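For reference, the structure is listed below as structure tokens.
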Amino acid sequence: MKLTKGETAFVTTNYVVLTILTIVIIIPFWYVISVSVTPYHIFSEKNGVILFPTSFSLEYYKYLLQEGSLIYGAYGNTIRNTVGGVLLALFLTTTSAYALAEKKLPGRRMIMLIFVFTMLFKGGMIPTYITIKQLGLLNTSYVLILVMAYSAFNMIIMKSFFEGIPESLRESASIDGASEFRILWQIVLPLSKPVIATISLLYLVVYWNDFFNAMLYVTDWHKAPVQLVLRTIIASSSLPPELLEAAGSTPPPTVGIQMAAIVIVAIPMLVIYPFIQKHFEQGMLIGSVKG
């Protein structure tokens with residue numbers, strides 16, 4: 001179909017704007033990668049303007065990943081928190097969304113109002129800190145899993161999706177003697193892969209990028225997530241000795257360490273996202289229609 005002049009101008013403008021935005025987004029990350037593999041003397045000669053590395057070096061990565069570096073433990077903590085947190089959050093979100101999607105649930109409207117209320121009004125940082133302290137969760141290995149294990153917003157998205165599944169499927173399974181848990185596990189969840197992928201990614205990003213809760217509730221560096229280590233490296237003008245414990249090693253310039261740390265922390269999310277992007281987009285669209 002031939003486009004009119006107005007439509008052609010609109011499409012062209014879209015392409016130009018999107019191309020500019022893509023370049024604006026890519027250049028900073030490309031600069032970070034370039035600096036992280038460029039020797040410091042070349043970085044100094046070019047006054048920090050490195051768009052294309054003319055010399056290649058992995059000294060910053062070798063220093064960060066050498067034996068004894070706390071970043072190994074921090075990576076393990078982050079992976080544990082992310083995997084455990086996503087699984088727990090998915091379980092809580094799925095079960096509550098499935099229950100609230102049942103229109104015959106007694107008190108359903110009041111329960112939904114309570115969930116919505118928590119989205120608008122929260123206890124605040126200090127009451128939450130006091131509660132966690134009184135529960136004995138401060139500086140524990142699982143505090144960062146529990147503190148973010150539920151989102152009312154994500155529950156509402158999943159509930160809206162469940163409400164779009166034909167009720168006749170659940171009724172048929174119930175007549176055949178299936179329990180509610182079996183209906184959820186064998187009928188509802190297989191039909192809900194898009195929304196599960198969406199909610200999983202939302203929780204994944206939250207858990208992987210969390211450093212603020214670690215600053216509040218964790219004081220032992222051996223229990224700190226990698227994002228807190230990265231934040232400390234970026235914020236410090238010099239490298240804290242407690243973060244990199246390789247004895248007898250002379251640290252390279254801080255700017256290269258900072259850039260290499262950013263790349264190390266960002267790579268997992270960049271690798272994972274493309275594989276679930278299709279489900280993520282489909283799940284968000286389906287949730288938005290019902291929400």
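Please note that chains go A, B, ... in the order of the structure tokens, that every chain numbers its residues from 1, and that ligands are numbered from 1 in the order shown.
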Within 8 Å of region 40-46 of chain A, counting only C-alpha atoms, which residues show up once you throw out same-chain ones fewer than 3 positions away? Write them as a PyMOL selection string, please. chain A and resi 35+49-50+55+253+256
Taking all heavy atoms for each residue, export the selection above as a CSV table (one decimal), in the first residue's frame.
chain,number,residue,atom,x,y,z
A,35,VAL,N,36.7,1.9,27.6
A,35,VAL,CA,37.6,2.3,28.7
A,35,VAL,C,38.1,1.1,29.5
A,35,VAL,O,39.2,1.0,29.9
A,35,VAL,CB,37.0,3.4,29.6
A,35,VAL,CG1,37.9,3.7,30.8
A,35,VAL,CG2,36.7,4.7,28.8
A,49,VAL,N,38.9,10.4,26.2
A,49,VAL,CA,38.0,10.3,25.0
A,49,VAL,C,38.4,9.0,24.3
A,49,VAL,O,39.2,9.0,23.4
A,49,VAL,CB,38.1,11.6,24.1
A,49,VAL,CG1,37.1,11.4,23.0
A,49,VAL,CG2,37.8,12.8,24.9
A,50,ILE,N,37.7,8.0,24.6
A,50,ILE,CA,37.9,6.7,24.0
A,50,ILE,C,36.6,6.1,23.4
A,50,ILE,O,35.8,5.7,24.1
A,50,ILE,CB,38.5,5.7,25.1
A,50,ILE,CG1,39.7,6.2,25.8
A,50,ILE,CG2,38.8,4.3,24.4
A,50,ILE,CD1,40.9,6.4,25.0
A,55,SER,N,44.2,0.0,21.7
A,55,SER,CA,45.1,-1.0,22.3
A,55,SER,C,44.2,-1.8,23.3
A,55,SER,O,43.3,-1.2,23.9
A,55,SER,CB,46.2,-0.4,23.1
A,55,SER,OG,47.0,-1.4,23.6
A,253,PRO,N,44.6,1.8,38.0
A,253,PRO,CA,43.8,3.0,38.2
A,253,PRO,C,42.3,2.8,38.4
A,253,PRO,O,41.7,1.9,37.8
A,253,PRO,CB,44.1,3.8,36.9
A,253,PRO,CG,45.4,3.3,36.4
A,253,PRO,CD,45.5,1.9,36.8
A,256,GLY,N,39.5,2.6,35.4
A,256,GLY,CA,39.3,1.4,34.7
A,256,GLY,C,38.6,0.3,35.5
A,256,GLY,O,37.8,-0.5,34.9
Report as an NGL selection string all protein, DNA and RNA residues lying within 8 Å of region 78-91 of chain A, evaluated on only C-alpha atoms, omitting residues in the same chain fewer than 4 positions from it. :A and (74 or 95 or 142 or 144-146 or 148-151 or 196 or 199-200 or 203-204 or 207-208 or 224-227)
Counting only C-alpha atoms, what are the residues of region 138-192 of chain A within 10 Å of region 121-134 of chain A, and for each of them which pair of atoms is the nearest and at what distance in Å, to one decimal? Sort the table by chain and rising number, as JSON lines.
{"residue": "A:Leu138", "atom": "CA", "partner": "A:Lys133", "partner_atom": "CA", "distance": 5.5}
{"residue": "A:Asn139", "atom": "CA", "partner": "A:Lys133", "partner_atom": "CA", "distance": 9.2}
{"residue": "A:Val143", "atom": "CA", "partner": "A:Ile132", "partner_atom": "CA", "distance": 8.2}
{"residue": "A:Leu146", "atom": "CA", "partner": "A:Ile132", "partner_atom": "CA", "distance": 9.9}
{"residue": "A:Val147", "atom": "CA", "partner": "A:Ile132", "partner_atom": "CA", "distance": 8.6}
For Arg170 (chain A), which residue among A:Leu184, A:Val218, A:Met110, A:Ala235 is the nearest when counting only C-alpha atoms?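 Counting only C-alpha atoms, the residue closest to Arg170 (chain A) is A:Leu184.
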